[in-house]
Amino acid sequence: MADVIQLPGVTEQLKLIAGLRWNLLKNNLQRKNNRWDLIGMILAAAGSASVVVGLCVAFYAGAYFFLTTGRASWMPLLYWAIFLWWQLVPILVAGFGANFEFRNLLRFPLSLRAFYILGVGYGFADFAAVSSLCWIASMLVAAAVGQVRLLPVMALASLLFVLVNVTLERLIGSWLEKIFANRRARELLVGLFVLSVVSMNFLNLAVQHWGGRGTRPRIVHLVSYFSWSPGSLAGNALAAASDGDSQALVLTVGGLLAWLGAASWLLWMRYRAQYLGEELSESAAPSAGKRGARKQTASSSLPGFLSPPVAGVMSKEFHYLTRNGFSFLTLIIPPLMVAFFTLEFAGNNSQIKEHGLAPQLFFPAAMAYLILILLSPAYNSFAFEGHGIQSYFMAPVRMRDVLVGKNLFLVCVVIVELAISLGVLVWRIGFPGLPLFLSTIAAAAFAVTGQLTIANWSALSFPKKMEIGKMKGQRNSGVAVWTAFGVQIVIGGIATIVLLAGGWFGNPWLPAILFAGLTAAALGGYVASLDPLSALAERKKELLIETLCR
Amino acid sequence: MIEFAGKGVGKRQNMHEIAIRTEQLTRRFGALTAVDSVDLRVNAGQFFGFLGPNGAGKSTTIKMLTGLLAPTSGRMELLGLDFQRNPIDVKRQIGVVPEGMGLFERLTGSEYLHFVGRMYGLDGPTTEKRTTELLEFMQLADREKTLIADYSHGMQKKLALAAAVIHGPRILFLDEPFEGVDALAAGALKSLLGRMTERGVTIFLTSHVLEIVERLCSHVAIIHQGRLVAQGSLEELRAGIPGVEEEKKTLEEIFLSIVGQSGGEQARLEELTWLT
């Protein structure tokens, strides 16, 4: 028999897990490249902390105002905001935490009860939970200061609300883990999620266009169905206590208890399934595809003047783009957003007809937006290579060929995107005149060539592994993000000055000429940078391989 | 070190041509010397086994010999070319199945082979033809449209091997090539590798399965704690171990006699009374 005399208690196990998470984070930061990443994380953490503290003040002020002016029935608004934050943010920013699969703990001799308690306890350790607790605490302080008689009810409602939230968040997380274990489902859901986020922008326009007068009452009617949601129940408990309506108070608190019971039962069942050995891994290999005539690969149809390695890299980039749902969506989103901006701020159908933006502003602004979105991945262009990065160093090619292949493919993508977006602009708000049109194109050429050199340096110096179809941890390294940010500000500043110069000197062609000159200079710099970047890749190959093959 | 190099029997025409030669090859990671002054010598056409316990420096040596890792000091010469001075020319002549296999998981098998062919400078039609033939040989033709991410481990290994030979290399570096490969495919692979050595291709192989090395390799080197401790043909290695009849010595016995039998293991085993 094994020599396990006595299993550690739940408190001891919580301490062990906290220690494990800390060691994972600490050891991860010992890598040289990750120290730079730490700086980025510290900056991000400082920014996040200031947002949380600022919102603490806002929640305090909101709760104080509602409770002291007899508007306790508005409290659901605050709880709703926290509810949405708590449930949605863990999905979006989970990557900032140490990468740790909670299920892995099941290899140890834990009881199901201990596993459940640890799971719920683990839910209090993420950013959304901590920030939500801060805001709820702020609201409780507001109640203590402004309406102390409501404090006991608010404390009870808030406690139940917190327990419901943490249980729901763990429940959603465990379901997502199950669904995302399948690659195809993972990619499909990520795509749907991003599309749904983008489509939210069009909601207001759709309501304005098709809704008519009857929409508002229908929405108000729909809202009434949400009165049984945790946010509404917690807020309404306060309203009931404020009105002295004990029946409503019992109902709302009972509703929260029902939520807690249902969520706890469902979470228990999920953890039980995991505990009993639920298999989440993907099947080793799906059934074979049909054999048939071999389809010509993309590189076979690339222009003959490209060297085989450059053509090979471009072909590989094309396949990766079409199989990366998230990246593919970034191509659909810019033209959609340009269409949205034109609907919202310009043209005959604009919501703000009297003050709609002029085409002269719209063309450069849309171009800047496109470059901003499309060039960002170039700062971590090896992110999705995985073990494939070794191929570049094993093959008889210099890194300049790989960079040129990647950059050429990106330029092709930018050209297609610009063409579609400019087409949308011309259709929606009209042609802005040849000088401005050419200036915009030349500015785009300058912005792309100007950024590629530094983006290549960033991609080689600060690589960060990313995985297709996963949302957790999918971000560039902190340094790469700040580098991209800085370069885009500088290039945006130069472009603005050049565009304004045309107006100052009364010559509408001047920006196009200046941008053409700047593009030529940037192109020269780009070509000159390729050999030094090849040498840099040789020096950084161990870092690249270690980071991307991890 | 037990030095046997030079005593080998040349059984092929080009056996006297040296395919791989290292001089004082060293790699340090901070205070740790992973590979320490290794002098390797592998003749062309040899099926060469590179052995060592975990952490001995095998993969580090292979990574240096294939350009994935820069040496701290020392010299590497492949097919008479100095690697540091002619990395591109050397890489044209070698094929590699590295640790981790180096695959792009979001390509299909056929797309990956096509990509590798282009990276080695093959033209489109040649790449296409070889891709088809290799997929057939590796029994992957019915999976040519399946993403590599959806391949089993063994199928990925076969694909990595196909990619390593698509350009017809003169030296093939294989890091644990048979790990996860089924017996049927392993048999076909061994035949292929045997045919390649008959044509003068040098194969440099690492494996923890000593029976495979014993069956396939004509020459062996053993690395231990970063240092090369033995090198030569199997016969020469057997002859170098005293006390046992030569024909009865297996490679495992030779290996253990060189790297494992310090006597410390038995003492350490005694300490595990709670387990044994």
# chains A, B, ... in the order shown; residues from 1 in each chain; ligands from 1

call {"tool": "closest_atom_pairs", "arguments": {"of": "chain B", "to": "chain A", "cutoff": "6 Å", "atoms": "only C-alpha atoms", "output": "CSV"}}
result
residue,atom,partner,partner_atom,distance
B:Ile88,CA,A:Pro396,CA,4.5
B:Lys91,CA,A:Pro396,CA,4.8
B:Arg92,CA,A:Pro396,CA,5.3
B:Gly102,CA,A:Gly388,CA,4.4
B:Leu103,CA,A:Gly388,CA,4.5
B:Phe104,CA,A:Gly388,CA,4.5
B:Phe115,CA,A:Gly312,CA,5.1
B:Arg118,CA,A:Pro308,CA,4.9
B:Met119,CA,A:Pro309,CA,4.4
B:Gly121,CA,A:Pro308,CA,5.5
B:Asp142,CA,A:Arg291,CA,5.8
B:Arg143,CA,A:Ala288,CA,5.3
B:Asp150,CA,A:Ala285,CA,4.9
B:Tyr151,CA,A:Ala285,CA,5.1
B:Ser152,CA,A:Ala284,CA,5.1

call {"tool": "select_by_dssp", "arguments": {"residues": "stretch 81-168 of chain B", "states": "helix (DSSP H, G or I)", "output": "ChimeraX atom specification"}}
result
/B:87-93,109-119,124-137,141-143,148-150,153-165

call {"tool": "closest_residue", "arguments": {"among": "A:Ala58, A:Ile420, A:Leu160, A:Ala495", "to": "A:Cys134", "atoms": "only C-alpha atoms"}}
result
A:Ala58

call {"tool": "closest_residue", "arguments": {"among": "B:Ala44, B:Ala183, B:Leu25, B:Val38", "to": "B:Ala70", "atoms": "only C-alpha atoms"}}
result
B:Leu25

call {"tool": "residues_around", "arguments": {"residues": "B:Gly80", "least_positions_apart": "4", "cutoff": "12 Å", "atoms": "only C-alpha atoms", "output": "tab-separated table (two decimals) with all heavy atoms, in the first residue's frame"}}
result
chain	number	residue	atom	x	y	z
B	17	GLU	N	35.95	8.87	-47.69
B	17	GLU	CA	35.58	10.28	-47.64
B	17	GLU	C	34.94	10.55	-46.29
B	17	GLU	O	34.07	9.80	-45.84
B	17	GLU	CB	34.58	10.59	-48.75
B	17	GLU	CG	34.25	12.06	-48.86
B	17	GLU	CD	33.05	12.30	-49.80
B	17	GLU	OE1	32.73	11.40	-50.60
B	17	GLU	OE2	32.45	13.38	-49.69
B	18	ILE	N	35.38	11.62	-45.64
B	18	ILE	CA	34.81	11.90	-44.31
B	18	ILE	C	33.58	12.78	-44.47
B	18	ILE	O	33.64	13.85	-45.08
B	18	ILE	CB	35.86	12.57	-43.41
B	18	ILE	CG1	36.97	11.56	-43.11
B	18	ILE	CG2	35.23	13.04	-42.11
B	18	ILE	CD1	38.12	12.12	-42.35
B	19	ALA	N	32.47	12.30	-43.97
B	19	ALA	CA	31.21	13.05	-44.09
B	19	ALA	C	31.08	14.08	-42.97
B	19	ALA	O	30.67	15.22	-43.21
B	19	ALA	CB	30.03	12.09	-44.05
B	20	ILE	N	31.40	13.67	-41.77
B	20	ILE	CA	31.26	14.58	-40.61
B	20	ILE	C	32.56	14.55	-39.81
B	20	ILE	O	33.04	13.47	-39.45
B	20	ILE	CB	30.09	14.14	-39.69
B	20	ILE	CG1	28.78	14.03	-40.48
B	20	ILE	CG2	29.94	15.08	-38.51
B	20	ILE	CD1	27.67	13.29	-39.72
B	21	ARG	N	33.08	15.72	-39.55
B	21	ARG	CA	34.26	15.77	-38.69
B	21	ARG	C	34.10	16.99	-37.75
B	21	ARG	O	33.79	18.09	-38.21
B	21	ARG	CB	35.52	15.96	-39.54
B	21	ARG	CG	36.82	15.83	-38.71
B	21	ARG	CD	37.93	16.72	-39.24
B	21	ARG	NE	38.22	16.50	-40.63
B	21	ARG	CZ	39.21	15.70	-41.08
B	21	ARG	NH1	39.94	15.02	-40.24
B	21	ARG	NH2	39.42	15.61	-42.37
B	22	THR	N	34.26	16.74	-36.48
B	22	THR	CA	34.24	17.88	-35.55
B	22	THR	C	35.57	17.91	-34.81
B	22	THR	O	36.17	16.86	-34.56
B	22	THR	CB	33.10	17.77	-34.51
B	22	THR	OG1	33.37	16.66	-33.64
B	22	THR	CG2	31.75	17.57	-35.16
B	41	ARG	N	34.16	11.71	-35.96
B	41	ARG	CA	34.64	11.43	-37.30
B	41	ARG	C	33.74	10.34	-37.88
B	41	ARG	O	33.71	9.21	-37.41
B	41	ARG	CB	36.08	10.96	-37.22
B	41	ARG	CG	36.78	10.81	-38.53
B	41	ARG	CD	38.15	10.19	-38.23
B	41	ARG	NE	38.74	9.66	-39.42
B	41	ARG	CZ	39.71	10.28	-40.08
B	41	ARG	NH1	40.19	11.43	-39.66
B	41	ARG	NH2	40.23	9.72	-41.16
B	42	VAL	N	32.96	10.72	-38.88
B	42	VAL	CA	32.02	9.78	-39.49
B	42	VAL	C	32.32	9.71	-40.98
B	42	VAL	O	32.31	10.74	-41.66
B	42	VAL	CB	30.56	10.24	-39.28
B	42	VAL	CG1	29.60	9.23	-39.89
B	42	VAL	CG2	30.25	10.45	-37.81
B	43	ASN	N	32.60	8.51	-41.46
B	43	ASN	CA	32.90	8.35	-42.89
B	43	ASN	C	31.62	8.35	-43.73
B	43	ASN	O	30.55	7.98	-43.24
B	43	ASN	CB	33.65	7.05	-43.13
B	43	ASN	CG	35.11	7.18	-42.68
B	43	ASN	OD1	35.57	8.27	-42.35
B	43	ASN	ND2	35.80	6.06	-42.64
B	44	ALA	N	31.75	8.73	-44.96
B	44	ALA	CA	30.60	8.77	-45.87
B	44	ALA	C	30.04	7.36	-46.04
B	44	ALA	O	30.78	6.37	-46.11
B	44	ALA	CB	31.02	9.34	-47.21
B	75	ARG	N	35.20	23.31	-34.17
B	75	ARG	CA	35.02	23.35	-35.62
B	75	ARG	C	34.17	22.18	-36.08
B	75	ARG	O	34.25	21.09	-35.53
B	75	ARG	CB	36.42	23.24	-36.26
B	75	ARG	CG	36.57	24.03	-37.50
B	75	ARG	CD	38.01	24.21	-37.91
B	75	ARG	NE	38.02	24.31	-39.35
B	75	ARG	CZ	38.32	23.32	-40.16
B	75	ARG	NH1	38.67	22.16	-39.69
B	75	ARG	NH2	38.28	23.49	-41.47
B	76	MET	N	33.33	22.44	-37.09
B	76	MET	CA	32.51	21.37	-37.67
B	76	MET	C	32.74	21.37	-39.17
B	76	MET	O	32.66	22.43	-39.81
B	76	MET	CB	31.01	21.62	-37.43
B	76	MET	CG	30.60	21.66	-36.00
B	76	MET	SD	28.82	21.93	-35.86
B	76	MET	CE	28.65	23.61	-36.44
B	85	ARG	N	31.54	28.62	-42.00
B	85	ARG	CA	31.84	29.50	-43.14
B	85	ARG	C	30.86	29.29	-44.29
B	85	ARG	O	30.64	30.20	-45.09
B	85	ARG	CB	33.26	29.23	-43.64
B	85	ARG	CG	34.29	29.82	-42.70
B	85	ARG	CD	35.66	29.66	-43.30
B	85	ARG	NE	36.69	30.03	-42.33
B	85	ARG	CZ	37.96	29.78	-42.48
B	85	ARG	NH1	38.39	29.16	-43.56
B	85	ARG	NH2	38.83	30.16	-41.58
B	86	ASN	N	30.34	28.08	-44.42
B	86	ASN	CA	29.45	27.77	-45.57
B	86	ASN	C	28.13	27.16	-45.11
B	86	ASN	O	27.78	26.06	-45.55
B	86	ASN	CB	30.14	26.79	-46.52
B	86	ASN	CG	31.53	27.22	-46.90
B	86	ASN	OD1	31.71	28.14	-47.67
B	86	ASN	ND2	32.51	26.56	-46.30
B	89	ASP	N	25.68	26.17	-48.02
B	89	ASP	CA	26.14	25.04	-48.85
B	89	ASP	C	26.02	23.73	-48.09
B	89	ASP	O	25.66	22.71	-48.66
B	89	ASP	CB	27.61	25.27	-49.27
B	89	ASP	CG	27.71	26.41	-50.26
B	89	ASP	OD1	26.70	26.67	-50.95
B	89	ASP	OD2	28.77	27.06	-50.32
B	90	VAL	N	26.32	23.77	-46.79
B	90	VAL	CA	26.22	22.54	-45.99
B	90	VAL	C	24.77	22.12	-45.87
B	90	VAL	O	24.43	20.94	-46.06
B	90	VAL	CB	26.86	22.75	-44.60
B	90	VAL	CG1	26.55	21.57	-43.69
B	90	VAL	CG2	28.36	22.94	-44.71
B	93	GLN	N	23.13	20.00	-48.40
B	93	GLN	CA	23.55	18.59	-48.51
B	93	GLN	C	22.97	17.70	-47.41
B	93	GLN	O	23.19	16.50	-47.42
B	93	GLN	CB	25.08	18.50	-48.41
B	93	GLN	CG	25.84	19.47	-49.28
B	93	GLN	CD	25.99	18.96	-50.70
B	93	GLN	OE1	25.66	17.80	-50.98
B	93	GLN	NE2	26.45	19.81	-51.60

call {"tool": "closest_residue", "arguments": {"among": "B:Phe29, B:Leu81, B:Asn54, B:Glu271", "to": "B:Leu69", "atoms": "only C-alpha atoms"}}
result
B:Phe29

call {"tool": "closest_residue", "arguments": {"among": "B:Ile148, B:Gly226, B:Thr66, B:Asp175", "to": "B:Arg28", "atoms": "only C-alpha atoms"}}
result
B:Gly226

call {"tool": "select_by_dssp", "arguments": {"residues": "stretch 10-177 of chain B", "states": "strand (DSSP E or B)", "output": "NGL selection string"}}
result
:B and (18-29 or 32-38 or 41-43 or 47-51 or 73-78 or 81-82 or 94-97 or 108 or 147 or 171-175)

call {"tool": "atom_distance", "arguments": {"atom1": "atom CA of A:Ala484", "atom2": "atom CA of A:Val448"}}
result
12.1 Å

call {"tool": "atom_distance", "arguments": {"atom1": "atom CA of A:Trp85", "atom2": "atom CA of A:Val166"}}
result
11.8 Å

call {"tool": "residues_around", "arguments": {"residues": "stretch 519-525 of chain A", "least_positions_apart": "5", "cutoff": "6 Å", "atoms": "only C-alpha atoms", "output": "list of chain:residue names"}}
result
A:Phe446, A:Thr449, A:Gly450

call {"tool": "closest_residue", "arguments": {"among": "A:Leu422, A:Thr330, A:Ala378, A:Ser229", "to": "A:Phe462", "atoms": "only C-alpha atoms"}}
result
A:Ala378

call {"tool": "closest_residue", "arguments": {"among": "A:Pro76, A:Pro364, A:Gly261, A:Gly405", "to": "A:Leu499", "atoms": "only C-alpha atoms"}}
result
A:Pro364

call {"tool": "residues_around", "arguments": {"residues": "A:Leu78", "least_positions_apart": "6", "cutoff": "12 Å", "atoms": "only C-alpha atoms", "output": "list of chain:residue names"}}
result
A:Leu55, A:Cys56, A:Ala58, A:Phe59, A:Tyr60, A:Ala61, A:Gly62, A:Ala63, A:Tyr64, A:Phe65, A:Phe66, A:Leu67, A:Ala72, A:Leu84, A:Trp85, A:Ser132, A:Trp135, A:Ile136, A:Ser138, A:Met139, A:Ser158, A:Pro230, A:Gly231, A:Ser232, A:Leu233, A:Ala234, A:Gly235, A:Asn236, A:Leu238

call {"tool": "atom_distance", "arguments": {"atom1": "atom CA of A:Leu118", "atom2": "atom CA of A:Leu14"}}
result
6.4 Å
